[in-house]
file run-v9.cif (mmCIF, C-alpha atoms and all ligand atoms)
data_structure
loop_
_atom_site.label_atom_id
_atom_site.label_comp_id
_atom_site.auth_asym_id
_atom_site.auth_seq_id
_atom_site.Cartn_x
_atom_site.Cartn_y
_atom_site.Cartn_z
CA MET A 1 4.92 9.29 -24.79
CA GLU A 2 3.10 11.02 -27.63
CA SER A 3 4.52 14.05 -29.34
CA LYS A 4 2.57 16.82 -31.04
CA GLU A 5 4.57 19.64 -32.59
CA ASN A 6 6.76 20.82 -29.68
CA ILE A 7 4.53 19.40 -26.94
CA GLU A 8 5.50 16.15 -25.27
CA ILE A 9 2.70 14.30 -23.54
CA HIS A 10 3.84 11.89 -20.81
CA GLU A 11 0.91 9.55 -20.33
CA GLY A 12 0.60 8.56 -16.69
CA LEU A 13 3.58 10.88 -16.05
CA SER A 14 5.73 7.93 -17.07
CA GLY A 15 9.42 8.81 -16.95
CA ILE A 16 8.83 12.20 -15.26
CA TYR A 17 10.75 13.15 -12.12
CA ILE A 18 8.67 15.27 -9.73
CA ASP A 19 11.27 15.98 -7.05
CA ILE A 20 14.53 14.96 -5.40
CA SER A 21 13.92 12.67 -2.43
CA SER A 22 16.11 10.88 0.11
CA ILE A 23 13.37 8.53 1.34
CA CYS A 24 13.30 5.60 -1.03
CA LYS A 25 15.20 4.28 -4.03
CA VAL A 26 13.45 1.85 -6.36
CA ASP A 27 16.04 0.32 -8.68
CA GLY A 28 13.79 -1.21 -11.29
CA ILE A 29 16.61 -2.54 -13.45
CA ASN A 30 18.49 -4.45 -10.75
CA GLY A 31 15.42 -5.30 -8.67
CA LYS A 32 16.55 -3.45 -5.56
CA LEU A 33 14.67 -1.35 -3.05
CA TYR A 34 16.18 0.88 -0.37
CA TYR A 35 14.56 2.84 2.45
CA ARG A 36 16.88 5.74 3.36
CA GLY A 37 19.72 3.75 1.79
CA TYR A 38 19.12 0.48 3.66
CA PRO A 39 18.36 -2.55 1.44
CA ILE A 40 14.81 -3.75 2.01
CA GLN A 41 15.87 -7.35 2.68
CA VAL A 42 18.10 -6.23 5.57
CA LEU A 43 15.26 -4.21 7.09
CA ALA A 44 12.80 -7.08 6.63
CA GLU A 45 15.21 -9.46 8.34
CA ARG A 46 16.58 -7.31 11.13
CA SER A 47 14.24 -4.39 11.84
CA SER A 48 10.77 -3.96 13.25
CA PHE A 49 8.00 -1.93 11.66
CA GLU A 50 8.38 0.68 14.41
CA GLU A 51 12.08 1.04 13.62
CA VAL A 52 11.30 1.39 9.90
CA CYS A 53 8.70 4.08 10.68
CA TYR A 54 11.34 6.00 12.64
CA LEU A 55 13.84 5.56 9.81
CA LEU A 56 11.42 6.81 7.15
CA LEU A 57 10.15 9.75 9.19
CA TYR A 58 13.42 10.96 10.73
CA GLY A 59 15.87 9.81 8.06
CA ARG A 60 18.03 7.61 10.30
CA LEU A 61 17.77 4.50 12.43
CA PRO A 62 16.90 5.20 16.07
CA LYS A 63 19.11 4.51 19.08
CA LYS A 64 17.63 2.09 21.63
CA GLN A 65 16.08 4.80 23.84
CA GLU A 66 14.76 6.69 20.82
CA LEU A 67 13.07 3.56 19.53
CA ASP A 68 11.54 2.85 22.94
CA ASP A 69 10.18 6.40 23.16
CA PHE A 70 8.87 6.28 19.60
CA SER A 71 7.17 2.90 20.16
CA GLU A 72 5.60 4.28 23.32
CA LYS A 73 4.25 7.30 21.41
CA LEU A 74 2.72 4.96 18.82
CA LYS A 75 1.09 2.92 21.58
CA LYS A 76 -0.36 6.03 23.23
CA GLU A 77 -2.08 6.94 19.94
CA ARG A 78 -3.72 3.54 19.40
CA SER A 79 -7.13 4.37 20.81
CA ILE A 80 -9.95 5.67 18.62
CA THR A 81 -13.01 7.62 19.78
CA ASP A 82 -16.50 6.20 20.21
CA GLN A 83 -17.57 8.46 17.38
CA THR A 84 -15.01 6.86 15.04
CA LYS A 85 -16.22 3.42 16.13
CA GLN A 86 -19.79 4.52 15.38
CA ILE A 87 -18.89 5.58 11.85
CA ILE A 88 -17.14 2.26 11.31
CA THR A 89 -20.09 0.35 12.72
CA SER A 90 -22.68 2.21 10.66
CA LEU A 91 -20.80 1.92 7.35
CA GLY A 92 -18.80 -1.20 7.96
CA ARG A 93 -21.20 -3.95 6.90
CA LYS A 94 -22.32 -2.27 3.67
CA ALA A 95 -19.36 -0.34 2.32
CA GLN A 96 -16.09 -1.83 1.16
CA ALA A 97 -13.40 -1.90 3.83
CA LEU A 98 -11.12 0.62 2.14
CA ASP A 99 -14.03 3.02 1.59
CA VAL A 100 -14.76 2.93 5.30
CA LEU A 101 -11.11 3.58 6.06
CA ARG A 102 -11.08 6.52 3.64
CA THR A 103 -14.08 8.03 5.46
CA VAL A 104 -12.77 7.60 8.99
CA MET A 105 -9.32 8.75 7.93
CA SER A 106 -10.83 12.00 6.81
CA SER A 107 -12.84 12.29 10.03
CA ILE A 108 -9.89 12.04 12.44
CA SER A 109 -8.70 15.54 11.53
CA ALA A 110 -11.65 16.66 13.67
CA TYR A 111 -9.72 15.60 16.78
CA ASP A 112 -6.74 17.78 15.95
CA GLU A 113 -7.27 21.46 16.79
CA THR A 114 -4.67 22.52 14.23
CA PRO A 115 -4.72 19.90 11.45
CA TYR A 116 -2.31 21.93 9.33
CA SER A 117 1.12 22.82 10.58
CA SER A 118 4.21 24.06 8.79
CA GLU A 119 6.47 22.72 11.57
CA GLU A 120 8.21 19.42 10.85
CA SER A 121 8.18 18.23 14.48
CA LYS A 122 4.42 18.83 14.73
CA ASN A 123 3.84 16.98 11.47
CA ILE A 124 5.86 14.02 12.76
CA GLU A 125 3.53 13.95 15.78
CA LYS A 126 0.54 13.97 13.42
CA ALA A 127 2.14 11.19 11.37
CA ILE A 128 2.57 9.07 14.51
CA ARG A 129 -1.12 9.63 15.29
CA ILE A 130 -2.16 8.68 11.77
CA ILE A 131 0.04 5.56 11.56
CA SER A 132 -1.13 4.29 14.93
CA LYS A 133 -4.83 5.05 14.63
CA THR A 134 -5.04 3.72 11.08
CA ALA A 135 -4.10 0.25 12.29
CA THR A 136 -6.77 0.40 14.99
CA MET A 137 -9.38 1.71 12.54
CA ALA A 138 -8.47 -0.93 9.94
CA ALA A 139 -8.75 -3.74 12.50
CA ALA A 140 -12.09 -2.36 13.72
CA ILE A 141 -13.39 -2.30 10.13
CA GLY A 142 -12.39 -5.94 9.73
CA ARG A 143 -14.18 -6.89 12.97
CA ILE A 144 -17.40 -5.13 11.97
CA LYS A 145 -17.29 -6.73 8.52
CA LYS A 146 -17.22 -10.15 10.20
CA GLY A 147 -20.04 -9.14 12.56
CA GLU A 148 -17.70 -9.17 15.57
CA GLN A 149 -17.01 -6.76 18.43
CA ILE A 150 -14.32 -4.12 18.02
CA LEU A 151 -11.36 -5.03 20.22
CA GLU A 152 -9.20 -2.73 22.31
CA PRO A 153 -5.46 -2.66 21.58
CA ASP A 154 -3.15 -4.96 23.55
CA GLN A 155 -0.38 -2.67 24.78
CA SER A 156 1.98 -5.59 25.39
CA LEU A 157 2.21 -6.20 21.63
CA GLY A 158 4.19 -4.45 18.91
CA HIS A 159 2.43 -2.37 16.27
CA ALA A 160 1.88 -4.97 13.54
CA GLU A 161 1.15 -7.91 15.84
CA ASN A 162 -1.28 -5.79 17.83
CA PHE A 163 -3.02 -4.95 14.55
CA LEU A 164 -3.35 -8.65 13.78
CA PHE A 165 -4.60 -9.33 17.29
CA MET A 166 -7.22 -6.57 17.07
CA LEU A 167 -8.35 -7.91 13.70
CA THR A 168 -8.43 -11.66 14.37
CA GLY A 169 -8.90 -11.75 18.14
CA LYS A 170 -5.94 -14.16 18.45
CA LYS A 171 -2.49 -13.32 19.73
CA PRO A 172 -0.14 -14.21 16.87
CA ASP A 173 2.53 -16.86 17.48
CA LYS A 174 6.19 -15.98 16.84
CA ASP A 175 6.11 -16.84 13.12
CA ALA A 176 2.85 -14.98 12.45
CA ALA A 177 4.07 -11.95 14.41
CA LYS A 178 7.25 -11.85 12.33
CA LEU A 179 5.34 -12.31 9.07
CA ILE A 180 2.83 -9.51 9.70
CA ASP A 181 5.68 -7.24 10.77
CA VAL A 182 7.53 -8.04 7.53
CA MET A 183 4.36 -7.42 5.50
CA PHE A 184 4.04 -4.01 7.16
CA ILE A 185 7.71 -3.21 6.47
CA LEU A 186 7.47 -4.22 2.81
CA HIS A 187 4.35 -2.11 2.24
CA ALA A 188 5.54 0.91 4.23
CA GLU A 189 6.95 2.92 1.37
CA HIS A 190 7.57 2.83 -2.36
CA SER A 191 8.60 6.21 -3.73
CA SER A 192 6.25 8.29 -5.91
CA ASN A 193 3.65 5.64 -6.78
CA ALA A 194 0.05 6.62 -7.55
CA SER A 195 -1.16 6.89 -3.94
CA THR A 196 1.93 8.74 -2.71
CA PHE A 197 1.65 11.10 -5.65
CA ALA A 198 -2.04 11.67 -4.85
CA THR A 199 -1.02 12.49 -1.27
CA LEU A 200 1.62 14.92 -2.47
CA VAL A 201 -0.68 16.62 -4.97
CA THR A 202 -3.21 17.18 -2.18
CA CYS A 203 -0.65 18.48 0.31
CA SER A 204 1.03 20.69 -2.30
CA THR A 205 -2.03 22.96 -1.90
CA LEU A 206 -1.04 23.19 1.80
CA ALA A 207 -4.04 21.10 2.71
CA ASP A 208 -3.32 19.31 5.99
CA ILE A 209 -1.62 15.92 6.28
CA TYR A 210 -4.95 14.17 7.09
CA ALA A 211 -6.37 15.39 3.77
CA GLY A 212 -3.26 14.11 1.99
CA VAL A 213 -3.40 10.67 3.56
CA THR A 214 -7.14 10.46 2.79
CA ALA A 215 -6.30 11.09 -0.87
CA GLY A 216 -3.63 8.38 -0.62
CA VAL A 217 -6.19 5.87 0.64
CA ALA A 218 -8.54 6.81 -2.20
CA ALA A 219 -5.86 6.33 -4.85
CA LEU A 220 -4.83 2.98 -3.41
CA LYS A 221 -8.19 1.44 -4.16
CA GLY A 222 -7.91 0.41 -7.79
CA PRO A 223 -6.82 -3.03 -9.04
CA LEU A 224 -3.83 -1.46 -10.80
CA HIS A 225 -2.42 -0.41 -7.41
CA GLY A 226 -3.56 -1.54 -3.96
CA GLY A 227 -6.31 -3.84 -5.19
CA ALA A 228 -4.00 -6.16 -7.11
CA ASP A 229 -3.31 -8.61 -4.26
CA GLU A 230 -7.01 -9.34 -3.77
CA ALA A 231 -7.45 -9.73 -7.54
CA ALA A 232 -4.44 -12.09 -7.69
CA LEU A 233 -5.86 -14.21 -4.89
CA LYS A 234 -9.26 -14.33 -6.59
CA MET A 235 -7.53 -15.65 -9.69
CA MET A 236 -5.79 -18.38 -7.65
CA ILE A 237 -9.13 -19.37 -6.12
CA GLU A 238 -10.69 -19.44 -9.60
CA ILE A 239 -7.87 -21.68 -10.85
CA GLY A 240 -8.91 -24.07 -8.11
CA GLN A 241 -6.40 -26.90 -8.54
CA PRO A 242 -2.64 -26.58 -9.14
CA GLU A 243 -2.85 -28.70 -12.30
CA ASN A 244 -5.25 -26.14 -13.85
CA THR A 245 -2.76 -23.31 -13.51
CA GLU A 246 -0.90 -23.45 -16.81
CA LYS A 247 -4.04 -23.72 -18.96
CA TYR A 248 -5.70 -20.87 -17.04
CA ILE A 249 -2.70 -18.58 -17.57
CA GLU A 250 -2.37 -19.64 -21.21
CA ASP A 251 -6.06 -18.83 -21.86
CA ALA A 252 -5.92 -15.56 -19.94
CA LEU A 253 -2.90 -14.32 -21.88
CA ALA A 254 -4.43 -15.45 -25.18
CA GLY A 255 -7.49 -13.38 -24.25
CA LYS A 256 -5.19 -10.38 -23.59
CA LYS A 257 -6.08 -10.41 -19.90
CA LYS A 258 -3.62 -8.99 -17.40
CA ILE A 259 -2.45 -11.35 -14.68
CA MET A 260 -2.75 -9.44 -11.43
CA GLY A 261 0.33 -9.32 -9.23
CA PHE A 262 2.63 -9.14 -12.27
CA GLY A 263 4.23 -6.19 -13.98
CA HIS A 264 5.29 -2.84 -12.64
CA ARG A 265 5.86 0.64 -14.00
CA VAL A 266 9.38 0.76 -12.51
CA TYR A 267 10.51 -2.84 -11.90
CA LYS A 268 11.38 -4.55 -15.13
CA THR A 269 12.71 -7.48 -13.15
CA TYR A 270 11.66 -9.42 -10.03
CA ASP A 271 10.25 -7.07 -7.38
CA PRO A 272 12.54 -7.62 -4.35
CA ARG A 273 9.51 -7.48 -2.04
CA ALA A 274 7.93 -10.38 -3.93
CA ARG A 275 11.18 -12.33 -3.49
CA ILE A 276 11.07 -11.78 0.28
CA LEU A 277 7.42 -12.84 0.45
CA LYS A 278 8.15 -15.91 -1.66
CA SER A 279 10.75 -16.97 0.90
CA TYR A 280 7.97 -17.10 3.52
CA LEU A 281 5.81 -19.51 1.53
CA ASP A 282 7.80 -22.56 2.65
CA ILE A 283 7.59 -21.64 6.34
CA VAL A 284 3.87 -20.97 6.05
CA LYS A 285 3.05 -24.01 3.90
CA ASN A 286 4.06 -26.48 6.60
CA LYS A 287 1.59 -24.94 9.03
CA SER A 288 -1.24 -24.16 6.60
CA THR A 289 -4.61 -25.72 5.91
CA GLU A 290 -5.02 -27.76 2.70
CA ASP A 291 -6.81 -24.80 1.03
CA ILE A 292 -3.91 -22.45 1.61
CA LYS A 293 -1.36 -25.13 0.60
CA ARG A 294 -3.22 -25.41 -2.69
CA LEU A 295 -3.16 -21.63 -3.21
CA ILE A 296 0.58 -21.62 -2.55
CA ASP A 297 1.14 -24.39 -5.11
CA ILE A 298 -0.97 -22.50 -7.66
CA SER A 299 0.96 -19.28 -7.02
CA LEU A 300 4.31 -21.03 -7.55
CA ARG A 301 3.19 -22.70 -10.78
CA ALA A 302 1.73 -19.42 -12.08
CA GLU A 303 4.92 -17.57 -11.18
CA LYS A 304 7.06 -20.12 -13.06
CA MET A 305 4.92 -19.96 -16.15
CA MET A 306 4.62 -16.16 -16.20
CA ILE A 307 8.38 -15.77 -15.89
CA GLU A 308 8.91 -18.18 -18.79
CA LYS A 309 6.31 -16.41 -20.93
CA LEU A 310 6.72 -12.72 -20.06
CA GLY A 311 9.69 -12.35 -17.68
CA GLN A 312 12.83 -11.92 -19.78
CA SER A 313 10.96 -11.20 -23.00
CA HIS A 314 8.58 -8.46 -21.75
CA GLY A 315 9.97 -7.43 -18.36
CA ILE A 316 6.80 -8.56 -16.61
CA TRP A 317 7.72 -10.18 -13.29
CA PRO A 318 5.94 -10.84 -9.99
CA ASN A 319 5.32 -7.72 -7.90
CA VAL A 320 4.69 -7.40 -4.16
CA ASP A 321 1.01 -8.24 -4.62
CA PHE A 322 1.41 -11.69 -6.11
CA PHE A 323 2.34 -13.81 -3.09
CA SER A 324 0.62 -11.57 -0.53
CA GLY A 325 -2.78 -13.25 -0.86
CA PRO A 326 -1.92 -16.74 0.39
CA LEU A 327 0.21 -15.20 3.17
CA TYR A 328 -2.56 -12.88 4.33
CA MET A 329 -4.97 -15.84 4.25
CA TYR A 330 -2.56 -17.79 6.46
CA LEU A 331 -2.58 -14.88 8.91
CA GLY A 332 -6.39 -14.95 9.02
CA ILE A 333 -6.85 -11.76 6.97
CA GLU A 334 -9.85 -11.83 4.64
CA PRO A 335 -9.31 -10.81 0.97
CA GLU A 336 -11.61 -7.79 1.28
CA MET A 337 -9.20 -6.44 3.92
CA PHE A 338 -5.98 -6.71 1.88
CA ASP A 339 -5.95 -3.15 0.53
CA THR A 340 -6.89 -1.82 3.95
CA VAL A 341 -3.91 -3.61 5.53
CA PHE A 342 -1.74 -2.18 2.75
CA ALA A 343 -3.04 1.32 3.54
CA SER A 344 -2.28 0.84 7.24
CA SER A 345 1.39 0.30 6.57
CA ARG A 346 1.67 2.80 3.71
CA THR A 347 0.58 5.66 6.01
CA VAL A 348 4.21 6.01 7.06
CA GLY A 349 5.40 6.41 3.46
CA TRP A 350 2.68 8.93 2.66
CA CYS A 351 3.45 11.02 5.76
CA SER A 352 7.23 10.87 5.23
CA HIS A 353 6.81 12.18 1.71
CA VAL A 354 4.53 15.04 2.75
CA ILE A 355 6.98 16.11 5.45
CA GLU A 356 9.85 16.03 2.96
CA TYR A 357 7.88 17.76 0.19
CA TRP A 358 6.81 20.64 2.44
CA LYS A 359 10.46 21.57 2.97
CA ASN A 360 10.34 23.03 -0.52
CA ASN A 361 6.68 22.99 -1.45
CA LYS A 362 5.57 23.68 -4.98
CA LEU A 363 1.92 23.45 -6.01
CA PHE A 364 1.40 20.65 -8.53
CA ARG A 365 -0.18 22.03 -11.64
CA PRO A 366 0.60 20.10 -14.82
CA LEU A 367 -0.80 21.05 -18.21
CA GLU A 368 -3.17 19.48 -20.68
CA GLU A 369 -3.03 20.08 -24.38
CA TYR A 370 -6.58 21.18 -25.21
CA GLN A 371 -7.88 19.68 -28.44
CA GLY A 372 -11.43 20.78 -29.01
CA PRO A 373 -13.46 23.60 -30.56
CA LEU A 374 -13.17 27.24 -29.49
CA ASP A 375 -15.62 30.15 -29.58
CA VAL A 376 -18.58 27.83 -30.12
CA GLU A 377 -21.83 29.70 -30.72
CA TYR A 378 -24.14 29.37 -27.68
CA VAL A 379 -27.68 28.23 -28.56
CA GLY A 380 -30.42 28.84 -25.97
CA ILE A 381 -32.06 25.68 -24.55
CA GLU A 382 -35.39 26.39 -26.29
CA GLU A 383 -33.71 26.37 -29.68
CA ARG A 384 -31.58 23.23 -29.21
CA ASN A 385 -32.81 20.24 -31.21
N1 LIG B 1 -0.19 -9.46 -17.25
C1 LIG B 1 -0.14 -9.52 -18.58
N2 LIG B 1 0.32 -8.52 -19.36
C2 LIG B 1 0.74 -7.41 -18.74
C3 LIG B 1 0.74 -7.29 -17.34
C4 LIG B 1 0.25 -8.36 -16.58
N3 LIG B 1 0.18 -8.29 -15.26
N4 LIG B 1 1.22 -6.07 -17.00
C5 LIG B 1 1.51 -5.46 -18.14
N5 LIG B 1 1.23 -6.25 -19.19
C6 LIG B 1 1.37 -5.93 -20.62
C7 LIG B 1 0.23 -5.02 -21.05
O1 LIG B 1 -0.90 -5.76 -21.49
C8 LIG B 1 0.87 -4.22 -22.15
O2 LIG B 1 0.93 -5.02 -23.31
P1 LIG B 1 0.78 -4.37 -24.78
O3 LIG B 1 1.94 -3.44 -24.90
O4 LIG B 1 0.82 -5.54 -25.67
O5 LIG B 1 -0.54 -3.64 -24.76
C9 LIG B 1 2.30 -4.04 -21.65
O6 LIG B 1 2.55 -5.14 -20.77
C10 LIG B 1 2.51 -2.73 -20.90
O7 LIG B 1 1.53 -2.66 -19.87
P2 LIG B 1 1.02 -1.29 -19.21
O8 LIG B 1 -0.11 -1.59 -18.31
O9 LIG B 1 0.81 -0.27 -20.27
O10 LIG B 1 2.33 -0.85 -18.47
P3 LIG B 1 2.49 -0.08 -17.12
O11 LIG B 1 3.87 0.38 -16.98
O12 LIG B 1 1.42 0.96 -17.00
O13 LIG B 1 2.21 -1.30 -16.11
C11 LIG B 1 0.97 -1.99 -14.23
C12 LIG B 1 2.19 -1.25 -14.77
C13 LIG B 1 -0.23 -1.04 -14.34
C14 LIG B 1 1.24 -2.29 -12.76
C15 LIG B 1 0.70 -3.28 -15.04
O14 LIG B 1 1.84 -4.12 -15.07
C16 LIG B 1 -0.50 -4.05 -14.49
O15 LIG B 1 -1.64 -3.68 -14.77
N6 LIG B 1 -0.25 -5.11 -13.66
C17 LIG B 1 -1.32 -5.84 -13.05
C18 LIG B 1 -1.82 -5.09 -11.82
C19 LIG B 1 -0.86 -5.16 -10.66
O16 LIG B 1 -0.33 -6.21 -10.33
N7 LIG B 1 -0.69 -4.01 -10.00
C20 LIG B 1 0.13 -3.90 -8.80
C21 LIG B 1 1.38 -3.12 -9.06
S1 LIG B 1 2.39 -3.06 -7.59
C22 LIG B 1 1.55 -2.02 -6.54
O17 LIG B 1 0.84 -1.14 -6.93
C23 LIG B 1 1.72 -2.26 -5.12
#
call {"tool": "encode", "arguments": {"input": "run-v9.cif", "output": "structure tokens"}}
result
Amino acid sequence: MESKENIEIHEGLSGIYIDISSICKVDGINGKLYYRGYPIQVLAERSSFEEVCYLLLYGRLPKKQELDDFSEKLKKERSITDQTKQIITSLGRKAQALDVLRTVMSSISAYDETPYSSEESKNIEKAIRIISKTATMAAAIGRIKKGEQILEPDQSLGHAENFLFMLTGKKPDKDAAKLIDVMFILHAEHSSNASTFATLVTCSTLADIYAGVTAGVAALKGPLHGGADEAALKMMIEIGQPENTEKYIEDALAGKKKIMGFGHRVYKTYDPRARILKSYLDIVKNKSTEDIKRLIDISLRAEKMMIEKLGQSHGIWPNVDFFSGPLYMYLGIEPEMFDTVFASSRTVGWCSHVIEYWKNNKLFRPLEEYQGPLDVEYVGIEERN
């Protein structure tokens, strides 16, 4: 925070509260995360992604019949139009996966006669449509990127496992189905991070929810946010062998490079989501190929060293993106799809926040302190040297 006379500048809005919310609590000091008051580890262990969607959107856990109805509504929204498939096919090979998702996300508002609504129940219906179709669009993008046919949803499967099926063409076994569901739960929501804030800024103009979610996808792209898991995996691949890890990290830190998958604006301790993902490494390692086993070993050695070097002393700990790479690889998800998978689960967080924010909407309009000349004399183009 810089201070000039009586103006306080909060770079990156660090430390600024934008609203009161009952959706998510990130306790960065104690390393805890709650969705609607429920600890994330309990949800990851006992809930399904569908149940978590219901919880985030409606503010409470569903009863059995409510969950069945909600899951059915999600299933009914899985299909995408031929036109959407065409956009994916025409852009899919060339453009990056998340860019394709951003484009088709924007385009699906065309299939809603009234994209904007001020009614909460209508916006929940739109959210269900967005959450469901995003998974189908993301899987289709992955198929086209690999030069494969787009697959139709399998209505016998749950949301996350159906996504994995549509992407890989294989029905996940029990462990893989649980892991992808957990990945979706852990990425579903995280308070007012950059992409959620982008969504809220957009919707604070009373733009429709599709516009907001499109802005969320756009903001997710950078390596400081949704792109960090791919960057972390690339680093592990570059390290190559577990015994190279310590020297690589040492050299990177000496060269003032950031290690992707570490550090967080709010968590100054271990990100609880990273802890949950770490607990899956053992299960996955036993069933993995040698390549993935090696990546897991590298990740564990890097984690140990980073904690020793920067953990207690600088508050830089593993975040959700650090262990995701080897786990996604195990599930058959290509690195270029990581941020797109992230976006698929985060749709629920983005939509929940918009619905909450619109209860008491206020246009976002922060200030800038202008520091530049005033009343500059205009010189015609012919006279400019
Ligand atoms: N590796 C090494 N040093 C780091 C790291 C890291 N991953 N993260 C922060 N630092 C250092 C910075 O170099 C800086 O050092 P300095 O004060 O000597 O210049 C100091 O810690 C503060 O870093 P900032 O980037 O200013 O702090 P900020 O609060 O903005 O950091 C951020 C948050 C952007 C996430 C940062 O930790 C980072 O870039 N991490 C790597 C990218 C990443 O993993 N992003 C995913 C976040 S989780 C998510 O979005 C899902």
call {"tool": "closest_residue", "arguments": {"input": "run-v9.cif", "among": "A:Asp99, A:Asp282, A:Glu303, A:Glu161", "to": "ligand LIG 1 (chain B)", "atoms": "only C-alpha atoms and all ligand atoms"}}
result
A:Glu303
call {"tool": "atom_distance", "arguments": {"input": "run-v9.cif", "atom1": "atom CA of Asp251 of chain A", "atom2": "atom CA of Phe322 of chain A"}}
result
18.8 Å
call {"tool": "residues_near_ligand", "arguments": {"input": "run-v9.cif", "ligand": "ligand LIG 1 (chain B)", "cutoff": "7 Å", "atoms": "only C-alpha atoms and all ligand atoms", "output": "JSON, numbers by chain"}}
result
{"A": [223, 224, 225, 226, 228, 253, 256, 257, 258, 259, 260, 261, 262, 263, 264, 265, 314, 316, 319, 320, 321]}
call {"tool": "closest_residue", "arguments": {"input": "run-v9.cif", "among": "A:Asn286, A:Gln155, A:Ser22, A:Ser345", "to": "Val182 of chain A", "atoms": "only C-alpha atoms"}}
result
A:Ser345
call {"tool": "closest_residue", "arguments": {"input": "run-v9.cif", "among": "A:Ser299, A:Thr269, A:Thr199, A:Gln83", "to": "Leu281 of chain A", "atoms": "all atoms listed in the file"}}
result
A:Ser299
call {"tool": "atom_distance", "arguments": {"input": "run-v9.cif", "atom1": "atom CA of Met306 of chain A", "atom2": "atom CA of Tyr248 of chain A"}}
result
11.4 Å
call {"tool": "atom_distance", "arguments": {"input": "run-v9.cif", "atom1": "atom CA of Leu55 of chain A", "atom2": "atom CA of Ile185 of chain A"}}
result
11.2 Å
call {"tool": "closest_residue", "arguments": {"input": "run-v9.cif", "among": "A:Tyr378, A:Phe163, A:Trp358, A:Phe49", "to": "Glu119 of chain A", "atoms": "all atoms listed in the file"}}
result
A:Trp358
call {"tool": "closest_atom_pairs", "arguments": {"input": "run-v9.cif", "of": "segment 259-353 of chain A", "to": "segment 203-220 of chain A", "cutoff": "10 Å", "atoms": "all atoms listed in the file", "output": "tab-separated table"}}
result
residue	atom	partner	partner_atom	distance
A:Asp339	CA	A:Leu220	CA	7.4
A:Thr340	CA	A:Val217	CA	8.4
A:Phe342	CA	A:Leu220	CA	8.6
A:Ala343	CA	A:Val217	CA	6.2
A:Ser344	CA	A:Val217	CA	9.2
A:Arg346	CA	A:Gly216	CA	8.8
A:Thr347	CA	A:Val213	CA	6.9
A:Val348	CA	A:Val213	CA	9.6
A:Gly349	CA	A:Val213	CA	9.8
A:Trp350	CA	A:Val213	CA	6.4
A:Cys351	CA	A:Ile209	CA	7.1
A:His353	CA	A:Cys203	CA	9.9
call {"tool": "closest_residue", "arguments": {"input": "run-v9.cif", "among": "A:Ile16, A:Ile249, A:Ile29, A:Ile124", "to": "Ala232 of chain A", "atoms": "only C-alpha atoms"}}
result
A:Ile249
call {"tool": "closest_residue", "arguments": {"input": "run-v9.cif", "among": "A:Ile9, A:Val52, A:Ala198, A:Ile144", "to": "Val354 of chain A", "atoms": "all atoms listed in the file"}}
result
A:Ala198
call {"tool": "residues_near_point", "arguments": {"input": "run-v9.cif", "point": "(-19.8, 1.0, 6.0)", "cutoff": "12 Å", "atoms": "all atoms listed in the file", "output": "list in words"}}
result
Thr84, Lys85, Gln86, Ile87, Ile88, Thr89, Ser90, Leu91, Gly92, Arg93, Lys94, Ala95, Gln96, Ala97, Leu98, Asp99, Val100, Leu101, Arg102, Thr103, Val104, Ala140, Ile141, Gly142, Arg143, Ile144 and Lys145 of chain A
call {"tool": "residues_around", "arguments": {"input": "run-v9.cif", "residues": "Lys133 of chain A", "least_positions_apart": "2", "cutoff": "8 Å", "atoms": "only C-alpha atoms", "output": "number ranges by chain"}}
result
A: 77-80, 129-131, 135-137
call {"tool": "residues_around", "arguments": {"input": "run-v9.cif", "residues": "Gly59 of chain A", "least_positions_apart": "5", "cutoff": "9 Å", "atoms": "all atoms listed in the file", "output": "PyMOL selection string"}}
result
chain A and resi 22-23+36+54
